[in-house]
Amino acid sequence: MSRILLKEYLSPNVVQIEIEAPLIARKRKAGHFVIVKIGTEGERIPLTIAKADIDKGSITLIVQKVGVTSHKLASLNVGDEVTDVVGPLGNPTHIEKVGTVLCAGGGVGIAPLLPIVEALHDAGNKVISILAARNKDLLILENEIRSHSDEVIIMTDDGSYGTKGLVTVGMEEVFKNQKIDFCVTIGPAIMMKFTSLVSKKYNVPTMASLNAIMVDGTGMCGACRVSVGGKIKFVCVDGPEFNAFDVDFDELLMRLGGYKNEEEQHYREQLSK
Amino acid sequence: MATDNTSNQKELRDQEWRRELKKSVSAKDRTNIVRVKMPEVDPQERIKSNVEVNSGITAEMAVVEAKRCLDCPDPECIKGCPVGVDIPGFIKCIEAGEFLKAAAAIKKNNVFPSVCGRVCPQEIQCEARCIYTTKLKKEPVAIGYLERFAADYENHSGHISVPEITQRNHVKVAVIGSGPAGLAAAGDLVKYGYDVTVFEALHEFGGVLKYGIPEFRLPNQIIDLEINNLKRMGVTFVKNIIAGRTLTFDDLRQDGFRAFFVGSGAGLPNFMNIPGENFNGVLSSNEYLTRVNLMGAAKKDHDTPVFFGKRVAVIGGGNTAMDSVRTAKRLGAEKAMIIYRRSFTEMPARKEEIRHAQEEGIEFLNLHNPLEYYADEKGHVNRIKLQRMELSDPDASGRRKPVAIPGSEFIIEADLVIVAIGVSPNPLIPQSMPDLHVSKYGTIEVDSEKMESNVSGMFAGGDIVRGGATVILAMGDGRRAAKGIHEYLSRQ
């Protein structure tokens, strides 16, 4: 059981929750995730650790309300308990000083991007961050990203903030104007598919952090499998980060929708209660 | 230990009551008794729920069955048992009506008779060595049924014998994983007097007994009861801890743990690497069974989804394949099929499971192998290309290899495919311990007697060492490792 210490809405649908997890806080590195389960009937879902506070013994998770479990998590309040939290899982991000790094985050993907931006910056890299959202209200963690970046570019679909356009437009601008040594992209699978096409065009090595459906999160079930370079990889134990050029994003997109009907039906049933 | 057991068992056999009991019925009368039939829930009834298929034999049936045992002077059955249970010893207690004593006799060697009585493959172990099988060419004494009877009797009696632990030494030992290997190790370590903590990565204890084996074969309450017994003996259980991650082995050493038993189990499911295997609706048996058994996906109000396939194909011929296909039937499959590349003769699943599956209307497409999966426009599997196989002549090792019949491909419809072709060891612990010697398959290397790895104080057993084996072999490993740990710590 992990008690909720703080809760804050970052946008109408995205909630930030700080929970007690002293052991995980001590061990967590950029790129790690936890598996969370709410209630005895709950499902296990993976969530990236956005921040950790060793002194406080806490980790921070950022959740977008999309299904039953994220709604359940968002409906908990300070003082409530999250039934099960286990981690840190996945491989930590490989952090080294490479020069100039472009970090492209979209939507709630900015949450897992934050610890990577922070670590890359701490390692002495020049960090340029591009944050993308549909509109100004949906943009999250701008200040946190700014405090660990040398430059921040904001892109919104409707132009309500920053520059109007998709994340890829902002990336092209950066690639055209300066030499980028490495690129990190995290966001919806469809976004990562196109951001990696852009960085491939400019021949910049790119790492994508994948979200996948998981059950146990420890390598046991294989639900999170993806094709990377034509081989089956498990996001939970082989990832979550992979060379973006090798990832079959179309397959990932298809697999992410695998339980859509079942999930929507269960969601409707839960809402009607 | 084996010699001690043998002399001890002989002593027990020479007891007055045992000799009297043996004389009370002639061998001829004993051998004329027909083997007891396990009462089973009707197939049409049982496929509607998760009710345990085998209902268990009654006390009357048990006593009669126990009479069949000839109490052989040199009992071969014991040699067929991976943990050396004094089989005639407990069976004769049953014949004498001393059911609690029977349970206690089993528990000297087997910590979880209620589990082993249900899931052990007795037909290739103790019962295969029974004199009825080998000499009399009759059906063996129903050792498994009797074991289960004694264990269940004790569990329902309210007099569960919890071994008294006289001497606690306050030396801390960590057990990683709460599956059969870990539970067996914990049971012995606590009896040696150690301060035992079991760390489990999942949110429930029991490992494969919970997430893998369905309730219609092994009800969860049986496992919970065994775990509660261990708790009563003083074992501490902690869930949601990934050893090597949440707590590293250095952390545990600093916390005072002096030795470790790693029973982290078989992890990664194997796939065949054929086209279409990543379509939705093609999943590993581990995923399917975990969703249903551990997460309660098929139960109302549980959040985890599961596909309720109408035409379900399970690839493989082992116990996990049978568990999966029979689960699919219970979840409403109109057609539930096994696709196996060899024939019934080579099928590794237990005969009883195969028979139960057949009774439940499972179809067997033996000598078939999948080549490719196809999907609808949303990426959900809808068809399988199969190939017919034939068996080659036996090779030098006597094994008949499945060989594809050219031009025999055909297509069948399926909306759920479950791949049950084995697992590879879980990489999490080897990943976190670069010094630990692992084989090229990823299994932890240990010496087979003490189960000790190359890292001082670290022992391992079960599927993380064997790759993929049975519950009883895992338990045997756990017990040997407990003994190895005891010797190791006694030397320190």
# chains A, B, ... in the order shown; residues from 1 in each chain; ligands from 1
>>> residues_around(residues="B:Asp74", least_positions_apart="6", cutoff="12 Å", atoms="only C-alpha atoms", output="tab-separated table (two decimals) with C-alpha atoms, in the first residue's frame")
chain	number	residue	atom	x	y	z
B	6	THR	CA	15.50	-45.75	4.12
B	7	SER	CA	16.58	-47.20	7.46
B	9	GLN	CA	11.28	-46.29	6.84
B	10	LYS	CA	12.33	-49.91	7.36
B	13	ARG	CA	7.64	-50.99	8.51
B	86	ASP	CA	7.44	-42.70	2.70
B	87	ILE	CA	4.56	-43.81	0.50
B	88	PRO	CA	3.74	-47.22	2.03
B	129	ARG	CA	7.24	-47.78	-10.09
B	130	CYS	CA	4.39	-49.41	-8.13
B	131	ILE	CA	4.55	-53.21	-8.16
>>> select_by_dssp(residues="stretch 78-187 of chain A", states="alpha helix (DSSP H)", output="ChimeraX atom specification")
/A:110-122,142-146,167-177
>>> write_last_selection(atoms="N, CA and C atoms", output="PDB file, in the first residue's frame")
ATOM      1  N   ILE A 110       5.317  13.865 -22.166  1.00  0.00           N
ATOM      2  CA  ILE A 110       6.272  14.806 -21.563  1.00  0.00           C
ATOM      3  C   ILE A 110       6.647  14.335 -20.146  1.00  0.00           C
ATOM      4  N   ALA A 111       5.747  13.621 -19.506  1.00  0.00           N
ATOM      5  CA  ALA A 111       6.021  13.131 -18.142  1.00  0.00           C
ATOM      6  C   ALA A 111       7.210  12.166 -18.114  1.00  0.00           C
ATOM      7  N   PRO A 112       7.203  11.085 -18.911  1.00  0.00           N
ATOM      8  CA  PRO A 112       8.398  10.224 -18.921  1.00  0.00           C
ATOM      9  C   PRO A 112       9.636  10.909 -19.500  1.00  0.00           C
ATOM     10  N   LEU A 113       9.424  11.956 -20.297  1.00  0.00           N
ATOM     11  CA  LEU A 113      10.571  12.664 -20.876  1.00  0.00           C
ATOM     12  C   LEU A 113      11.320  13.458 -19.810  1.00  0.00           C
ATOM     13  N   LEU A 114      10.572  13.978 -18.827  1.00  0.00           N
ATOM     14  CA  LEU A 114      11.179  14.873 -17.826  1.00  0.00           C
ATOM     15  C   LEU A 114      12.435  14.297 -17.157  1.00  0.00           C
ATOM     16  N   PRO A 115      12.366  13.069 -16.572  1.00  0.00           N
ATOM     17  CA  PRO A 115      13.595  12.575 -15.909  1.00  0.00           C
ATOM     18  C   PRO A 115      14.758  12.374 -16.876  1.00  0.00           C
ATOM     19  N   ILE A 116      14.455  12.118 -18.138  1.00  0.00           N
ATOM     20  CA  ILE A 116      15.518  11.907 -19.134  1.00  0.00           C
ATOM     21  C   ILE A 116      16.165  13.252 -19.482  1.00  0.00           C
ATOM     22  N   VAL A 117      15.329  14.269 -19.669  1.00  0.00           N
ATOM     23  CA  VAL A 117      15.835  15.623 -19.923  1.00  0.00           C
ATOM     24  C   VAL A 117      16.754  16.046 -18.771  1.00  0.00           C
ATOM     25  N   GLU A 118      16.270  15.785 -17.570  1.00  0.00           N
ATOM     26  CA  GLU A 118      17.017  16.151 -16.373  1.00  0.00           C
ATOM     27  C   GLU A 118      18.371  15.440 -16.343  1.00  0.00           C
ATOM     28  N   ALA A 119      18.364  14.124 -16.601  1.00  0.00           N
ATOM     29  CA  ALA A 119      19.601  13.348 -16.532  1.00  0.00           C
ATOM     30  C   ALA A 119      20.569  13.731 -17.646  1.00  0.00           C
ATOM     31  N   LEU A 120      20.041  13.946 -18.842  1.00  0.00           N
ATOM     32  CA  LEU A 120      20.904  14.334 -19.964  1.00  0.00           C
ATOM     33  C   LEU A 120      21.549  15.686 -19.699  1.00  0.00           C
ATOM     34  N   HIS A 121      20.765  16.592 -19.125  1.00  0.00           N
ATOM     35  CA  HIS A 121      21.263  17.928 -18.813  1.00  0.00           C
ATOM     36  C   HIS A 121      22.330  17.847 -17.728  1.00  0.00           C
ATOM     37  N   ASP A 122      22.052  17.064 -16.695  1.00  0.00           N
ATOM     38  CA  ASP A 122      23.020  16.887 -15.599  1.00  0.00           C
ATOM     39  C   ASP A 122      24.322  16.282 -16.106  1.00  0.00           C
ATOM     40  N   GLU A 142       5.814  22.306 -18.336  1.00  0.00           N
ATOM     41  CA  GLU A 142       6.665  23.231 -19.090  1.00  0.00           C
ATOM     42  C   GLU A 142       7.793  23.794 -18.206  1.00  0.00           C
ATOM     43  N   ASN A 143       7.436  24.235 -16.998  1.00  0.00           N
ATOM     44  CA  ASN A 143       8.449  24.852 -16.130  1.00  0.00           C
ATOM     45  C   ASN A 143       9.536  23.862 -15.722  1.00  0.00           C
ATOM     46  N   GLU A 144       9.120  22.632 -15.404  1.00  0.00           N
ATOM     47  CA  GLU A 144      10.084  21.614 -14.996  1.00  0.00           C
ATOM     48  C   GLU A 144      11.053  21.319 -16.142  1.00  0.00           C
ATOM     49  N   ILE A 145      10.521  21.200 -17.349  1.00  0.00           N
ATOM     50  CA  ILE A 145      11.378  20.923 -18.512  1.00  0.00           C
ATOM     51  C   ILE A 145      12.315  22.113 -18.740  1.00  0.00           C
ATOM     52  N   ARG A 146      11.760  23.322 -18.601  1.00  0.00           N
ATOM     53  CA  ARG A 146      12.580  24.537 -18.821  1.00  0.00           C
ATOM     54  C   ARG A 146      13.778  24.581 -17.882  1.00  0.00           C
ATOM     55  N   VAL A 167       4.768  18.608 -33.718  1.00  0.00           N
ATOM     56  CA  VAL A 167       6.108  18.497 -33.152  1.00  0.00           C
ATOM     57  C   VAL A 167       7.167  18.322 -34.249  1.00  0.00           C
ATOM     58  N   THR A 168       6.777  17.636 -35.308  1.00  0.00           N
ATOM     59  CA  THR A 168       7.738  17.369 -36.384  1.00  0.00           C
ATOM     60  C   THR A 168       8.192  18.661 -37.069  1.00  0.00           C
ATOM     61  N   VAL A 169       7.295  19.651 -37.136  1.00  0.00           N
ATOM     62  CA  VAL A 169       7.646  20.942 -37.740  1.00  0.00           C
ATOM     63  C   VAL A 169       8.760  21.594 -36.929  1.00  0.00           C
ATOM     64  N   GLY A 170       8.589  21.577 -35.609  1.00  0.00           N
ATOM     65  CA  GLY A 170       9.614  22.146 -34.731  1.00  0.00           C
ATOM     66  C   GLY A 170      10.940  21.411 -34.847  1.00  0.00           C
ATOM     67  N   MET A 171      10.861  20.104 -34.988  1.00  0.00           N
ATOM     68  CA  MET A 171      12.093  19.309 -35.108  1.00  0.00           C
ATOM     69  C   MET A 171      12.858  19.667 -36.380  1.00  0.00           C
ATOM     70  N   GLU A 172      12.127  19.751 -37.467  1.00  0.00           N
ATOM     71  CA  GLU A 172      12.766  20.102 -38.754  1.00  0.00           C
ATOM     72  C   GLU A 172      13.543  21.405 -38.615  1.00  0.00           C
ATOM     73  N   GLU A 173      12.898  22.386 -37.967  1.00  0.00           N
ATOM     74  CA  GLU A 173      13.539  23.693 -37.785  1.00  0.00           C
ATOM     75  C   GLU A 173      14.892  23.532 -37.075  1.00  0.00           C
ATOM     76  N   VAL A 174      14.862  22.739 -35.983  1.00  0.00           N
ATOM     77  CA  VAL A 174      16.089  22.559 -35.196  1.00  0.00           C
ATOM     78  C   VAL A 174      17.154  21.843 -36.027  1.00  0.00           C
ATOM     79  N   PHE A 175      16.739  20.746 -36.670  1.00  0.00           N
ATOM     80  CA  PHE A 175      17.699  19.960 -37.457  1.00  0.00           C
ATOM     81  C   PHE A 175      18.342  20.800 -38.568  1.00  0.00           C
ATOM     82  N   LYS A 176      17.538  21.687 -39.167  1.00  0.00           N
ATOM     83  CA  LYS A 176      18.053  22.515 -40.260  1.00  0.00           C
ATOM     84  C   LYS A 176      19.103  23.503 -39.756  1.00  0.00           C
ATOM     85  N   ASN A 177      18.921  23.971 -38.530  1.00  0.00           N
ATOM     86  CA  ASN A 177      19.744  25.075 -38.060  1.00  0.00           C
ATOM     87  C   ASN A 177      20.957  24.692 -37.233  1.00  0.00           C
TER      88      ASN A 177
END
>>> closest_residue(among="B:Gly265, B:Pro370, B:Gly476, B:Gly158", to="chain A", atoms="only C-alpha atoms")
B:Gly265
>>> residues_around(residues="stretch 65-75 of chain A", least_positions_apart="2", cutoff="9 Å", atoms="only C-alpha atoms", output="MDAnalysis selection string")
(chainID A and resid 7 9 13:17 37:38 42:45 63 77 82 263:264 266:267 270:271) or (chainID B and resid 303)
>>> write_last_selection(atoms="N, CA, C and O atoms", output="compact mmCIF listing (two decimals), in the first residue's frame")
# COMPACT_ATOMS: atom_id res chain seq x y z
N LYS A 7 -1.55 15.64 -4.78
CA LYS A 7 -2.29 15.39 -6.02
C LYS A 7 -2.57 16.73 -6.66
O LYS A 7 -2.99 17.68 -5.99
N TYR A 9 -3.89 18.56 -10.58
CA TYR A 9 -4.24 18.43 -11.99
C TYR A 9 -3.31 19.31 -12.82
O TYR A 9 -3.18 20.50 -12.55
N ASN A 13 -7.29 16.67 -18.00
CA ASN A 13 -7.33 15.21 -18.01
C ASN A 13 -6.07 14.55 -17.48
O ASN A 13 -5.95 13.33 -17.53
N VAL A 14 -5.13 15.35 -17.06
CA VAL A 14 -3.85 14.79 -16.61
C VAL A 14 -3.61 15.17 -15.16
O VAL A 14 -3.64 16.35 -14.80
N VAL A 15 -3.38 14.12 -14.35
CA VAL A 15 -3.21 14.36 -12.92
C VAL A 15 -1.83 13.87 -12.48
O VAL A 15 -1.32 12.87 -12.96
N GLN A 16 -1.24 14.68 -11.59
CA GLN A 16 0.07 14.33 -11.04
C GLN A 16 -0.13 13.87 -9.61
O GLN A 16 -0.76 14.56 -8.81
N ILE A 17 0.40 12.69 -9.29
CA ILE A 17 0.19 12.11 -7.97
C ILE A 17 1.53 11.73 -7.36
O ILE A 17 2.31 10.99 -7.97
N LYS A 37 -1.58 -1.02 -9.26
CA LYS A 37 -2.87 -1.71 -9.27
C LYS A 37 -3.75 -1.10 -8.20
O LYS A 37 -3.28 -0.85 -7.08
N ILE A 38 -4.99 -0.83 -8.55
CA ILE A 38 -5.89 -0.18 -7.59
C ILE A 38 -7.03 -1.11 -7.23
O ILE A 38 -7.82 -1.52 -8.09
N GLY A 42 -8.51 -4.62 -9.37
CA GLY A 42 -7.84 -3.73 -10.32
C GLY A 42 -6.97 -4.46 -11.32
O GLY A 42 -6.64 -5.62 -11.15
N GLU A 43 -6.62 -3.73 -12.38
CA GLU A 43 -5.68 -4.28 -13.35
C GLU A 43 -4.30 -3.68 -13.06
O GLU A 43 -4.18 -2.69 -12.35
N ARG A 44 -3.28 -4.28 -13.62
CA ARG A 44 -1.91 -3.79 -13.45
C ARG A 44 -1.58 -2.93 -14.65
O ARG A 44 -1.67 -3.39 -15.78
N ILE A 45 -1.21 -1.66 -14.39
CA ILE A 45 -0.81 -0.82 -15.52
C ILE A 45 0.58 -0.23 -15.26
O ILE A 45 0.94 0.06 -14.11
N VAL A 63 -0.61 10.77 -14.78
CA VAL A 63 -1.58 9.88 -15.41
C VAL A 63 -2.57 10.68 -16.24
O VAL A 63 -3.12 11.68 -15.77
N ASN A 77 -7.65 10.51 -3.52
CA ASN A 77 -7.25 11.80 -2.97
C ASN A 77 -6.09 11.66 -2.01
O ASN A 77 -5.73 10.54 -1.61
N VAL A 82 -2.81 3.67 -2.68
CA VAL A 82 -2.75 2.91 -3.92
C VAL A 82 -2.43 1.48 -3.50
O VAL A 82 -1.44 1.24 -2.80
N GLU A 263 -12.20 -2.87 -23.25
CA GLU A 263 -11.96 -1.78 -22.30
C GLU A 263 -13.10 -0.78 -22.31
O GLU A 263 -13.55 -0.31 -21.26
N GLU A 264 -13.58 -0.43 -23.51
CA GLU A 264 -14.67 0.55 -23.60
C GLU A 264 -15.94 0.03 -22.94
O GLU A 264 -16.63 0.76 -22.24
N HIS A 266 -16.16 -2.20 -20.52
CA HIS A 266 -15.98 -2.22 -19.06
C HIS A 266 -16.06 -0.80 -18.50
O HIS A 266 -16.64 -0.58 -17.43
N TYR A 267 -15.52 0.14 -19.25
CA TYR A 267 -15.53 1.54 -18.83
C TYR A 267 -16.97 2.05 -18.72
O TYR A 267 -17.36 2.67 -17.72
N GLN A 270 -18.60 0.58 -15.69
CA GLN A 270 -18.14 1.20 -14.45
C GLN A 270 -18.75 2.59 -14.27
O GLN A 270 -19.11 2.98 -13.17
N LEU A 271 -18.84 3.33 -15.38
CA LEU A 271 -19.40 4.69 -15.32
C LEU A 271 -20.86 4.66 -14.90
O LEU A 271 -21.33 5.51 -14.15
N ASP B 303 -11.08 -5.38 -13.53
CA ASP B 303 -10.72 -4.41 -14.56
C ASP B 303 -9.90 -4.98 -15.72
O ASP B 303 -9.86 -4.41 -16.79
>>> interface_residues(of="chain A", to="chain B", cutoff="7 Å", atoms="only C-alpha atoms", output="ChimeraX atom specification")
/A:23-24,27,41-43,84-88,219-223,254-255,258-259,262-263
>>> residues_around(residues="A:Pro205", least_positions_apart="3", cutoff="10 Å", atoms="only C-alpha atoms", output="list in words")
Ile180, Asp181, Phe182, Cys183, Val184, Ser196, Ser199, Lys200, Tyr202, Asn243, Ala244 and Phe245 of chain A
>>> atom_distance(atom1="atom CA of B:Arg350", atom2="atom CA of B:Ile315")
16.2 Å
>>> select_by_dssp(residues="stretch 153-318 of chain B", states="strand (DSSP E or B)", output="VMD selection string")
chain B and resid 172 to 176 195 to 199 236 to 238 243 247 257 to 262 266 to 269 280 282 to 284 311 to 315
>>> residues_around(residues="B:Gly461", least_positions_apart="4", cutoff="7 Å", atoms="only C-alpha atoms", output="PDB file with C-alpha atoms, in the first residue's frame")
ATOM      1  CA  ALA B 181      10.390 -23.864  -4.957  1.00  0.00           C
ATOM      2  CA  VAL B 262      16.287 -17.688  -5.601  1.00  0.00           C
ATOM      3  CA  GLY B 263      13.167 -19.381  -6.937  1.00  0.00           C
ATOM      4  CA  MET B 451      21.757 -25.925  -5.291  1.00  0.00           C
ATOM      5  CA  VAL B 465      17.549 -23.383 -12.723  1.00  0.00           C
ATOM      6  CA  ALA B 474      10.763 -27.272  -7.914  1.00  0.00           C
ATOM      7  CA  ASP B 477      15.019 -28.163  -5.330  1.00  0.00           C
ATOM      8  CA  GLY B 478      13.721 -25.828  -2.639  1.00  0.00           C
TER       9      GLY B 478
END
